[in-house]
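Asks: My questions all concern the structure below.
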Number of protein chains: 4
Amino acid sequence: MTVKVGVIGTGMIGQDHIRRLTEVLTGSSVVAVSDINKEQVEKIATAIGARTYTDGVALINDSEVDAVVVTSWGPTHEEYVLAAIAAGKPVFCEKPLATTQEACLRIIDAEVKHGKRLVQVGFMRRFDTAYRQMKDVVESGTIGAPLIFKSVHRNPSVPPSYTSDMAIVDTAVHDIDTARWLLDEEVKAVSVIAARKNNRGGTLRDPIIVLMEMESGAIVDIEVSVNIDYAYDIGGEISGETGVVTLAERNRITVKSGGEYRGKVTADWKERFVEAFDVEFKEWLDAAAKGTATGPSAWDGYAAAVVTDAGVEAAGTGNRIKVEMRDRPALYA
Amino acid sequence: MTVKVGVIGTGMIGQDHIRRLTEVLTGSSVVAVSDINKEQVEKIATAIGARTYTDGVALINDSEVDAVVVTSWGPTHEEYVLAAIAAGKPVFCEKPLATTQEACLRIIDAEVKHGKRLVQVGFMRRFDTAYRQMKDVVESGTIGAPLIFKSVHRNPSVPPSYTSDMAIVDTAVHDIDTARWLLDEEVKAVSVIAARKNNRGGTLRDPIIVLMEMESGAIVDIEVSVNIDYAYDIGGEISGETGVVTLAERNRITVKSGGEYRGKVTADWKERFVEAFDVEFKEWLDAAAKGTATGPSAWDGYAAAVVTDAGVEAAGTGNRIKVEMRDRPALYA
Amino acid sequence: MTVKVGVIGTGMIGQDHIRRLTEVLTGSSVVAVSDINKEQVEKIATAIGARTYTDGVALINDSEVDAVVVTSWGPTHEEYVLAAIAAGKPVFCEKPLATTQEACLRIIDAEVKHGKRLVQVGFMRRFDTAYRQMKDVVESGTIGAPLIFKSVHRNPSVPPSYTSDMAIVDTAVHDIDTARWLLDEEVKAVSVIAARKNNRGGTLRDPIIVLMEMESGAIVDIEVSVNIDYAYDIGGEISGETGVVTLAERNRITVKSGGEYRGKVTADWKERFVEAFDVEFKEWLDAAAKGTATGPSAWDGYAAAVVTDAGVEAAGTGNRIKVEMRDRPALYA
Amino acid sequence: MTVKVGVIGTGMIGQDHIRRLTEVLTGSSVVAVSDINKEQVEKIATAIGARTYTDGVALINDSEVDAVVVTSWGPTHEEYVLAAIAAGKPVFCEKPLATTQEACLRIIDAEVKHGKRLVQVGFMRRFDTAYRQMKDVVESGTIGAPLIFKSVHRNPSVPPSYTSDMAIVDTAVHDIDTARWLLDEEVKAVSVIAARKNNRGGTLRDPIIVLMEMESGAIVDIEVSVNIDYAYDIGGEISGETGVVTLAERNRITVKSGGEYRGKVTADWKERFVEAFDVEFKEWLDAAAKGTATGPSAWDGYAAAVVTDAGVEAAGTGNRIKVEMRDRPALYA
């Protein structure tokens with residue numbers, strides 16, 4: 001079955017997902033595209049023979065559209081996701097699910113009322129082979145119970161518009177979701193520690209360490225460094241009771257010359273996670289073809305909002321902030 | 001543009017390519033399938049809505065078929081490839097291109113007469129990211145002129161039907177093609193040395209070292225070991241005048257427990273080269289959509305035949321066998 | 001010149017240093033040994049032709065003794081180190097320099113009054129090749145200013161007598177000294193976070209993360225895990241403004257079998273640091289031959305006491321504890 | 001017991017061994033030094049308080065000398081080793097044991113007549129930790145019977161005086177001895193293949209591949225590359241019936257900057273084998289203290305001569321040369 005997809009938002013990530021759905025993956029066709037920029041959406045939609053919209057809700061309600069991808073500006077996500085749920089259509093929503101905890105809860109309420117999962121949030125690391133192998137090792141018991149998870153999130157540079165809070169809300173949010181998923185438990189409290197400032201980042205608070213206490217007592221220790229120049233480098237290590245599992249280097253070849261051996265580190269997030277994005281969309285399409293969703297849920301989107309809010313408060317006050325979440329509906333058990 | 005593909009042969013590799021064309025890659029549809037086993041071809045074709053043939057030539061001449069994939073038994077390849085050339089249709093032919101040098105030359109003659117490349121041979125390593133990076137390093141000059149290429153080709157085990165000559169014709173043939181491509185030159189002579197026999201392989205001559213002298217004087221040193229149990233392990237290293245480039249380990253995570261750190265080695269050729277197969281077919285489809293072919297050519301198929309013939313003779317006689325090839329037509333320059 | 005050494009204390013480490021001085025290194029002879037256990041000291045001293053003492057101060061004042069090694073019980077260190085300073089003799093003192101900050105300051109005062117360094121404290125990591133290369137990289141500017149240092153200190157197991165505070169005072173003390181030395185600055189504040197408890201350690205607070213803020217704002221993040229079973233594993237990574245330096249794995253060979261490649265991790269601290277101990281004593285002897293000391297000083301011993309005291313308080317209270325140190329005398333500039 | 005050593009030859013390696021015996025290792029004193037260069041020997045001997053000789057045989061017969069180190073010019077080795085045997089003194093002889101097979105046999109005859117091993121030849125790789133671990137793995141059965149041993153011997157550059165035959169006699173000789181020791185068997189035949197010439201080496205035949213067939217049928221495949229610029233890089237891998245053991249990289253730290261991670265390769269043989277030399281001499285002294293020798297024997301020196309002679313002939317003629325050795329005396333069983 002071919003899933004007829006409508007895409008809302010034609011920024012960089014929207015265009016990349018359109019490419020993925022039309023040129024990389026089988027099983028779908030992009031039949032409608034929406035953007036508030038009429039000229040841009042027409043250019044993009046024409047190239048792939050899709051209908052154009054400037055109103056995302058109208059796209060969602062297009063009877064030809066089976067499933068929706070939301071990649072528009074964050075503040076618009078709630079409206080579109082709620083509209084998709086109202087229409088009973090599977091919706092893939094890039095992070096954030098919504099920009100406030102309350103909005104996330106409204107989505108959860110709507111989805112719970114609908115009675116079946118429709119929402120998938122764009123935490124692509126859960127589809128990455130390396131992280132999946134890491135989770136398999138944890139679940140196999142090879143390293144005993146997981147006690148500490150260290151995550152490293154390094155960007156070569158960020159644009160001038162990047163703010164200190166974005167290091168938590170936009171960057172560490174991936175490590176936060178990964179931690180919840182790998183350890184299979186919720187966050188109890190968050191602290192943020194600013195390290196010596198990287199002068200390459202101007203006034204930016206960078207790098208930082210985000211520390212999270214999990215329900216089991218396990219500690220998550222996230223280094224976020226967004227101007228480290230050398231590469232886009234993602235690290236992860238879980239120390240358990242009897243062993244350790246670590247993400248490996250990713251270079252395909254090693255070169256020896258001039259007294260050294262050398263391997264490449266990934267240059268950017270697209271290079272690092274291109275396969276994960278493909279798998280993410282493949283699994284989303286498989287679920288959408290069955291009228292449902294898989295992977296990171298609205299609950300995970302809500303948890304991310306709660307924890308990053310706590311993180312921003314922790315960074316601002318210097319305090320350890322407790323994380324308070326509502327009870328988890330059975331739909332997300 | 002969607003390329004309408006006809007697939008000849010529905011063995012393991014044929015079925016895998018049908019899966020690749022229908023479930024993994026965009027840009028094609030499999031409209032016809034042929035196999036001498038009528039029952040099997042009907043089962044497979046029905047599942048994907050394709051027409052069925054028991055005669056490969058008839059499939060080739062089906063006017064709905066834009067391009068052909070040949071994965072049938074080796075001795076049938078010549079007929080099908082020639083028929084595809086006669087029909088002016090791009091054809092992807094799994095190795096061998098044909099089972100004799102003479103047959104390969106007939107294909108070359110036909111393609112040269114046609115005046116444009118139509119034939120692509122299934123040497124998938126040329127599409128592997130690691131090998132492509134290796135080639136880039138050689139061409140960049142970082143290691144100087146390449147002087148020695150060591151290739152390691154290890155299989156965990158082979159079936160009882162596997163013969164000693166197959167280690168050259170079916171297994172080392174990949175390393176032979178890789179060497180010609182990486183070093184960008186032809187083979188001048190071949191020797192084969194049998195090592196101490198691996199008792200896991202019964203009477204099989206295993207492992208062996210295939211030594212090739214290239215036109216430039218560079219030496220290619222191929223270890224073929226087909227019963228080594230531990231994994232499917234492909235190694236490669238080029239020593240140049242000033243440096244070395246080596247294929248890296250491929251594990252995604254490292255586990256530490258019980259006094260050791262450990263990483264996985266690939267289990268079989270499908271795991272090792274799955275991405276290369278996908279890229280190979282993607283690039284074939286892109287070329288086929290333009291009515292031509294890319295990557296390994298009929299010339300490469302011919303060269304493989306000549307060199308493996310020499311290898312079999314070298315193994316049988318214990319002598320160094322010179323490789324004599326006809327002049328390379330301009331089409332393959 | 002041969003340095004005539006007197007050794008105080010004949011426990012495991014004392015015996016190991018006697019072996020090192022008599023069997024491994026040239027340039028010294030052990031002429032006197034002291035221990036409160038008369039029987040034991042006589043057995044050990046006889047084997048190497050040394051005089052025996054049960055009173056360490058008497059050994060120090062033996063006119064044949066050029067330089068002193070103190071490996072006795074921690075509470076005795078102050079007396080012996082002060083006596084060595086009074087006698088004007090170079091003294092190597094295993095950690096701790098003394099068991100209280102006040103005692104350390106008395107030693108500093110005495111050494112400053114003497115006017116020349118005589119005291120070297122046993123922080124052997126400063127003599128380890130890997131750490132020295134790490135420090136060279138930091139000083140070279142290759143990674144820019146160091147911003148975060150992550151240290152990992154993992155023991156396979158500890159004896160029942162090991163207490164939670166010892167994880168800071170006896171174990172993390174090495175990472176603390178290493179951090180001060182690598183970053184070349186003092187500690188401003190310490191926090192300690194207990195992770196999910198490793199049940200292999202009974203009631204022990206294990207593992208923990210010791211967080212230190214340095215004068216520059218750099219953060220030191222130490223994982224101490226003392227019952228992790230798999231190996232004695234020491235890790236370290238410094239993130240700078242433009243790059244990262246990391247301790248490498250130490251295995252000498254890799255074995256592939258059963259689907260995996262494997263390398264060994266060091267089994268215990270003796271295996272990991274045997275070469276560092278040898279270098280440490282070689283450099284001590286070289287300095288002692290000139291009537292002075294090198295490497296970790298009484299000031300470093302004092303700093304270790306202050307920071308570990310803060311660490312114990314931080315662990316007990318859950319608070320961030322500021323580190324207050326007296327001004328550094330010019331002798332230790 | 002202190003072994004009183006006499007050293008014959010004060011070239012670079014002789015001076016290094018004197019340093020090793022006087023400054024690094026305990027258990028010996030250098031009491032006599034000989035060199036035909038009177039001025040040089042006096043300078044060196046005076047510095048360490050040793051007697052001087054210009055006649056190596058006179059040094060050997062000095063009643064104060066317990067054991068002898070021969071590091072003089074190769075053609076003099078036979079005379080000195082025979083004199084040491086005649087005097088019943090343990091003798092460490094740098095490679096070659098002697099410059100002809102016949103001379104080696106005269107030494108063997110003399111030592112057999114003496115009835116106890118006195119001669120140790122300077123193949124230091126047998127004392128290297130990595131190679132010893134490799135041998136342990138082979139003997140453990142983890143990889144099954146060893147079938148192929150690949151050795152890589154790369155030098156950054158050689159002086160103008162270096163000849164093509166020296167690549168076999170002086171360089172590959174270490175790999176040849178290592179192969180005999182690791183596989184625990186003799187060489188049956190040798191071939192030498194010249195690869196594409198490295199233009200950095202002028203007219204030198206470089207690199208080459210030395211192929212050896214062992215008694216068991218195992219193949220040894222040695223790459224010798226003496227002008228490869230990037231480093232002194234020693235590689236080794238044994239493929240067995242069920243697995244593989246490989247020498248690991250030796251870098252102590254990894255640096256990430258500028259898109260890459262990097263580790264150092266050893267710069268020269270002194271850096272690579274400094275520890276092996278120390279262990280070699282420590283074990284020699286231990287044996288010498290008991291009036292005998294250990295490790296590589298006169299038999300190993302003879303085997304090296306026979307095999308390198310065959311290698312030189314193989315390189316000169318292009319033929320496979322059979323290796324003929326006399327029966328191994330029981331002394332070397």
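Letters for chains follow the order of the structure tokens (A, B, ...), residue numbers begin at 1 for each chain, and ligand numbers begin at 1 in the order shown.
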Got a sec: who's within 8 Å of stretch 146-149 of chain B, counting only C-alpha atoms, leaving out chain neighbours fewer than 2 positions off, as a count of residues only?
Replies: 22
Asks: Taking only C-alpha atoms into account, what are the residues of chain C at most 6 Å from chain D, put as a PyMOL selection string?
Replies: chain C and resi 23-24+26+130+243-248+252-257
Asks: Report as a list in words all protein, DNA and RNA residues lying within 7 Å of C:Gly301, evaluated on only C-alpha atoms, omitting residues in the same chain fewer than 5 positions from it.
Replies: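 Skipping anything fewer than 5 positions along the chain leaves Pro96, Leu97, Cys104 and Val121 of chain C.
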Asks: Can you pull out every residue within 12 Å of stretch 45-48 of chain D, counting only C-alpha atoms, but drop anything in the same chain fewer than 2 positions away, and send it as a count of residues only?
Replies: 31
Asks: What's around C:Asp109 at 10 Å? Count only C-alpha atoms, leave out sequence neighbours fewer than 4 positions away in its own chain, and write the answer as a list of chain:residue names.
Replies: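 Selected residues are C:Leu82, C:Ala103, C:Cys104, C:Leu105, C:Lys113, C:His114, C:Gly115, C:Ala298, C:Pro329.
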Asks: Determine, counting only C-alpha atoms, which protein, DNA and RNA residues have an atom within 10 Å of an atom of B:Arg320; residues of the same chain fewer than 2 positions away are not included. Present the result as an MDAnalysis selection string.
Replies: chainID B and resid 189:192 211:213 310:311 313:315 317:318 322:323
Asks: Would you mind exporting the chosen residues as a short mmCIF file (atom, residue, chain, number, x, y, z; two decimals), in the first residue's frame, restricted to all heavy atoms?
Replies:
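Okay, this is what ended up in selection22.cif:
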```
data_model
loop_
_atom_site.label_atom_id
_atom_site.label_comp_id
_atom_site.auth_asym_id
_atom_site.auth_seq_id
_atom_site.Cartn_x
_atom_site.Cartn_y
_atom_site.Cartn_z
N ALA B 189 50.14 -10.77 -14.42
CA ALA B 189 50.42 -12.18 -14.15
C ALA B 189 49.81 -12.57 -12.81
O ALA B 189 49.60 -11.72 -11.94
CB ALA B 189 51.93 -12.44 -14.13
N VAL B 190 49.53 -13.85 -12.68
CA VAL B 190 48.90 -14.37 -11.46
C VAL B 190 49.64 -15.60 -10.97
O VAL B 190 50.03 -16.46 -11.78
CB VAL B 190 47.43 -14.78 -11.73
CG1 VAL B 190 46.73 -15.17 -10.44
CG2 VAL B 190 46.67 -13.68 -12.44
N SER B 191 49.80 -15.72 -9.67
CA SER B 191 50.28 -16.95 -9.03
C SER B 191 49.33 -17.27 -7.89
O SER B 191 48.68 -16.37 -7.34
CB SER B 191 51.68 -16.77 -8.43
OG SER B 191 52.54 -16.13 -9.32
N VAL B 192 49.24 -18.52 -7.54
CA VAL B 192 48.39 -18.92 -6.42
C VAL B 192 49.19 -19.84 -5.50
O VAL B 192 49.84 -20.78 -5.97
CB VAL B 192 47.12 -19.64 -6.92
CG1 VAL B 192 46.31 -20.17 -5.74
CG2 VAL B 192 46.28 -18.69 -7.76
N LEU B 211 48.38 -14.06 -5.80
CA LEU B 211 49.31 -12.95 -6.00
C LEU B 211 49.18 -12.44 -7.43
O LEU B 211 49.27 -13.23 -8.37
CB LEU B 211 50.74 -13.43 -5.78
CG LEU B 211 51.15 -13.65 -4.34
CD1 LEU B 211 52.45 -14.43 -4.28
CD2 LEU B 211 51.30 -12.32 -3.61
N MET B 212 49.00 -11.16 -7.57
CA MET B 212 48.89 -10.60 -8.92
C MET B 212 49.92 -9.49 -9.11
O MET B 212 50.11 -8.65 -8.23
CB MET B 212 47.49 -10.01 -9.14
CG MET B 212 46.37 -11.01 -8.86
SD MET B 212 44.79 -10.53 -9.58
CE MET B 212 44.50 -8.95 -8.79
N GLU B 213 50.55 -9.51 -10.26
CA GLU B 213 51.45 -8.42 -10.65
C GLU B 213 50.66 -7.51 -11.58
O GLU B 213 50.11 -7.96 -12.58
CB GLU B 213 52.66 -8.96 -11.40
CG GLU B 213 53.46 -9.99 -10.62
CD GLU B 213 54.39 -10.78 -11.52
OE1 GLU B 213 54.97 -10.19 -12.46
OE2 GLU B 213 54.51 -12.00 -11.31
N ALA B 310 43.35 -17.44 -15.50
CA ALA B 310 44.79 -17.53 -15.19
C ALA B 310 44.99 -18.02 -13.76
O ALA B 310 45.89 -18.83 -13.48
CB ALA B 310 45.44 -16.17 -15.38
N GLY B 311 44.16 -17.56 -12.86
CA GLY B 311 44.27 -17.98 -11.47
C GLY B 311 44.03 -19.48 -11.31
O GLY B 311 44.75 -20.17 -10.59
N GLU B 313 44.48 -21.73 -13.58
CA GLU B 313 45.63 -22.42 -14.17
C GLU B 313 46.84 -22.34 -13.21
O GLU B 313 47.55 -23.33 -13.01
CB GLU B 313 45.98 -21.80 -15.52
CG GLU B 313 47.12 -22.54 -16.23
CD GLU B 313 47.51 -21.91 -17.57
OE1 GLU B 313 46.76 -21.05 -18.07
OE2 GLU B 313 48.58 -22.28 -18.10
N ALA B 314 47.02 -21.17 -12.62
CA ALA B 314 48.14 -21.00 -11.69
C ALA B 314 47.99 -21.95 -10.50
O ALA B 314 48.95 -22.57 -10.04
CB ALA B 314 48.20 -19.55 -11.22
N ALA B 315 46.78 -22.05 -10.00
CA ALA B 315 46.54 -22.94 -8.86
C ALA B 315 46.78 -24.40 -9.25
O ALA B 315 47.34 -25.18 -8.48
CB ALA B 315 45.12 -22.75 -8.33
N THR B 317 48.69 -25.61 -11.75
CA THR B 317 50.04 -25.95 -12.19
C THR B 317 51.11 -25.54 -11.19
O THR B 317 52.24 -26.01 -11.27
CB THR B 317 50.37 -25.21 -13.51
OG1 THR B 317 50.29 -23.80 -13.26
CG2 THR B 317 49.39 -25.58 -14.61
N GLY B 318 50.77 -24.62 -10.31
CA GLY B 318 51.79 -24.09 -9.42
C GLY B 318 52.66 -23.05 -10.09
O GLY B 318 53.63 -22.57 -9.50
N LYS B 322 50.98 -15.73 -17.04
CA LYS B 322 50.85 -14.39 -17.62
C LYS B 322 49.41 -14.17 -18.06
O LYS B 322 48.75 -15.09 -18.54
CB LYS B 322 51.78 -14.23 -18.82
CG LYS B 322 53.22 -14.03 -18.42
CD LYS B 322 54.02 -13.45 -19.59
CE LYS B 322 55.52 -13.55 -19.25
NZ LYS B 322 56.36 -13.26 -20.42
N VAL B 323 48.97 -12.95 -17.93
CA VAL B 323 47.61 -12.61 -18.33
C VAL B 323 47.66 -11.89 -19.67
O VAL B 323 48.35 -10.87 -19.80
CB VAL B 323 46.95 -11.71 -17.27
CG1 VAL B 323 45.61 -11.20 -17.76
CG2 VAL B 323 46.82 -12.48 -15.96
#
```
Asks: List the spatial neighbours of D:Ala305 as a VMD selection string - criterion: any atom at most 7 Å away, only C-alpha atoms, same-chain residues fewer than 3 positions off excluded.
Replies: chain D and resid 100 to 101 301 to 302 308 to 309
Asks: Selection from above, N, CA and C atoms, as a PDB file, in the first residue's frame, can you write it?
Replies:
```pdb
ATOM      1  N   THR D 100      78.249 -16.406   7.594  1.00  0.00           N
ATOM      2  CA  THR D 100      78.034 -17.538   6.686  1.00  0.00           C
ATOM      3  C   THR D 100      77.383 -18.677   7.454  1.00  0.00           C
ATOM      4  N   GLN D 101      76.706 -19.535   6.701  1.00  0.00           N
ATOM      5  CA  GLN D 101      76.101 -20.715   7.319  1.00  0.00           C
ATOM      6  C   GLN D 101      77.179 -21.587   7.956  1.00  0.00           C
ATOM      7  N   GLY D 301      70.236 -18.561  15.049  1.00  0.00           N
ATOM      8  CA  GLY D 301      71.147 -17.747  14.245  1.00  0.00           C
ATOM      9  C   GLY D 301      71.514 -18.454  12.949  1.00  0.00           C
ATOM     10  N   TYR D 302      71.737 -19.768  13.041  1.00  0.00           N
ATOM     11  CA  TYR D 302      72.034 -20.571  11.847  1.00  0.00           C
ATOM     12  C   TYR D 302      70.834 -20.579  10.902  1.00  0.00           C
ATOM     13  N   THR D 308      67.961 -16.478   5.085  1.00  0.00           N
ATOM     14  CA  THR D 308      68.255 -15.212   4.390  1.00  0.00           C
ATOM     15  C   THR D 308      69.136 -15.471   3.170  1.00  0.00           C
ATOM     16  N   ASP D 309      70.053 -16.446   3.248  1.00  0.00           N
ATOM     17  CA  ASP D 309      70.799 -16.828   2.030  1.00  0.00           C
ATOM     18  C   ASP D 309      69.832 -17.255   0.931  1.00  0.00           C
TER      19      ASP D 309
END
```
Asks: Rounded to one decimal, what separation in Å do you get between atom CA of D:Ser140 and atom CA of D:His174?
Replies: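 Atom CA of D:Ser140 sits 23.7 Å away from atom CA of D:His174.
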Asks: As a VMD selection string, please: all residues of stretch 25-190 of chain C that backbone DSSP puts in strand (DSSP E or B).
Replies: chain C and resid 28 to 34 51 to 53 67 to 70 91 to 93 119 to 121 146 to 154 187 to 190
Asks: Next, the residues of the selection above should be written as a PDB file, in the first residue's frame with C-alpha atoms.
Replies:
```pdb
ATOM      1  CA  SER C  28      70.108   3.283  44.500  1.00  0.00           C
ATOM      2  CA  SER C  29      70.628   0.787  47.248  1.00  0.00           C
ATOM      3  CA  VAL C  30      68.203   0.146  50.079  1.00  0.00           C
ATOM      4  CA  VAL C  31      70.402   0.353  53.155  1.00  0.00           C
ATOM      5  CA  ALA C  32      67.771   0.483  55.890  1.00  0.00           C
ATOM      6  CA  VAL C  33      64.209  -0.698  56.386  1.00  0.00           C
ATOM      7  CA  SER C  34      61.837   0.138  59.209  1.00  0.00           C
ATOM      8  CA  ARG C  51      69.820  -2.572  58.494  1.00  0.00           C
ATOM      9  CA  THR C  52      66.536  -2.870  60.381  1.00  0.00           C
ATOM     10  CA  TYR C  53      64.606  -0.360  62.461  1.00  0.00           C
ATOM     11  CA  ALA C  67      66.876   9.623  51.193  1.00  0.00           C
ATOM     12  CA  VAL C  68      63.684   8.192  52.669  1.00  0.00           C
ATOM     13  CA  VAL C  69      60.633   6.395  51.313  1.00  0.00           C
ATOM     14  CA  VAL C  70      57.540   6.556  53.545  1.00  0.00           C
ATOM     15  CA  VAL C  91      61.617  12.026  51.182  1.00  0.00           C
ATOM     16  CA  PHE C  92      59.184  10.186  48.958  1.00  0.00           C
ATOM     17  CA  CYS C  93      55.853   9.891  50.756  1.00  0.00           C
ATOM     18  CA  VAL C 119      59.150  16.192  49.636  1.00  0.00           C
ATOM     19  CA  GLN C 120      57.633  14.211  46.769  1.00  0.00           C
ATOM     20  CA  VAL C 121      54.135  12.746  47.107  1.00  0.00           C
ATOM     21  CA  PRO C 146      40.655  22.942  28.097  1.00  0.00           C
ATOM     22  CA  LEU C 147      37.031  23.311  29.197  1.00  0.00           C
ATOM     23  CA  ILE C 148      35.924  19.931  30.555  1.00  0.00           C
ATOM     24  CA  PHE C 149      38.006  17.041  31.863  1.00  0.00           C
ATOM     25  CA  LYS C 150      36.216  13.750  32.303  1.00  0.00           C
ATOM     26  CA  SER C 151      38.014  11.121  34.301  1.00  0.00           C
ATOM     27  CA  VAL C 152      36.886   7.547  34.761  1.00  0.00           C
ATOM     28  CA  HIS C 153      38.252   5.452  37.607  1.00  0.00           C
ATOM     29  CA  ARG C 154      36.933   1.917  37.669  1.00  0.00           C
ATOM     30  CA  VAL C 187      39.872  23.549  42.550  1.00  0.00           C
ATOM     31  CA  LYS C 188      37.235  26.099  43.543  1.00  0.00           C
ATOM     32  CA  ALA C 189      34.337  23.865  44.593  1.00  0.00           C
ATOM     33  CA  VAL C 190      33.333  20.224  44.796  1.00  0.00           C
TER      34      VAL C 190
END
```
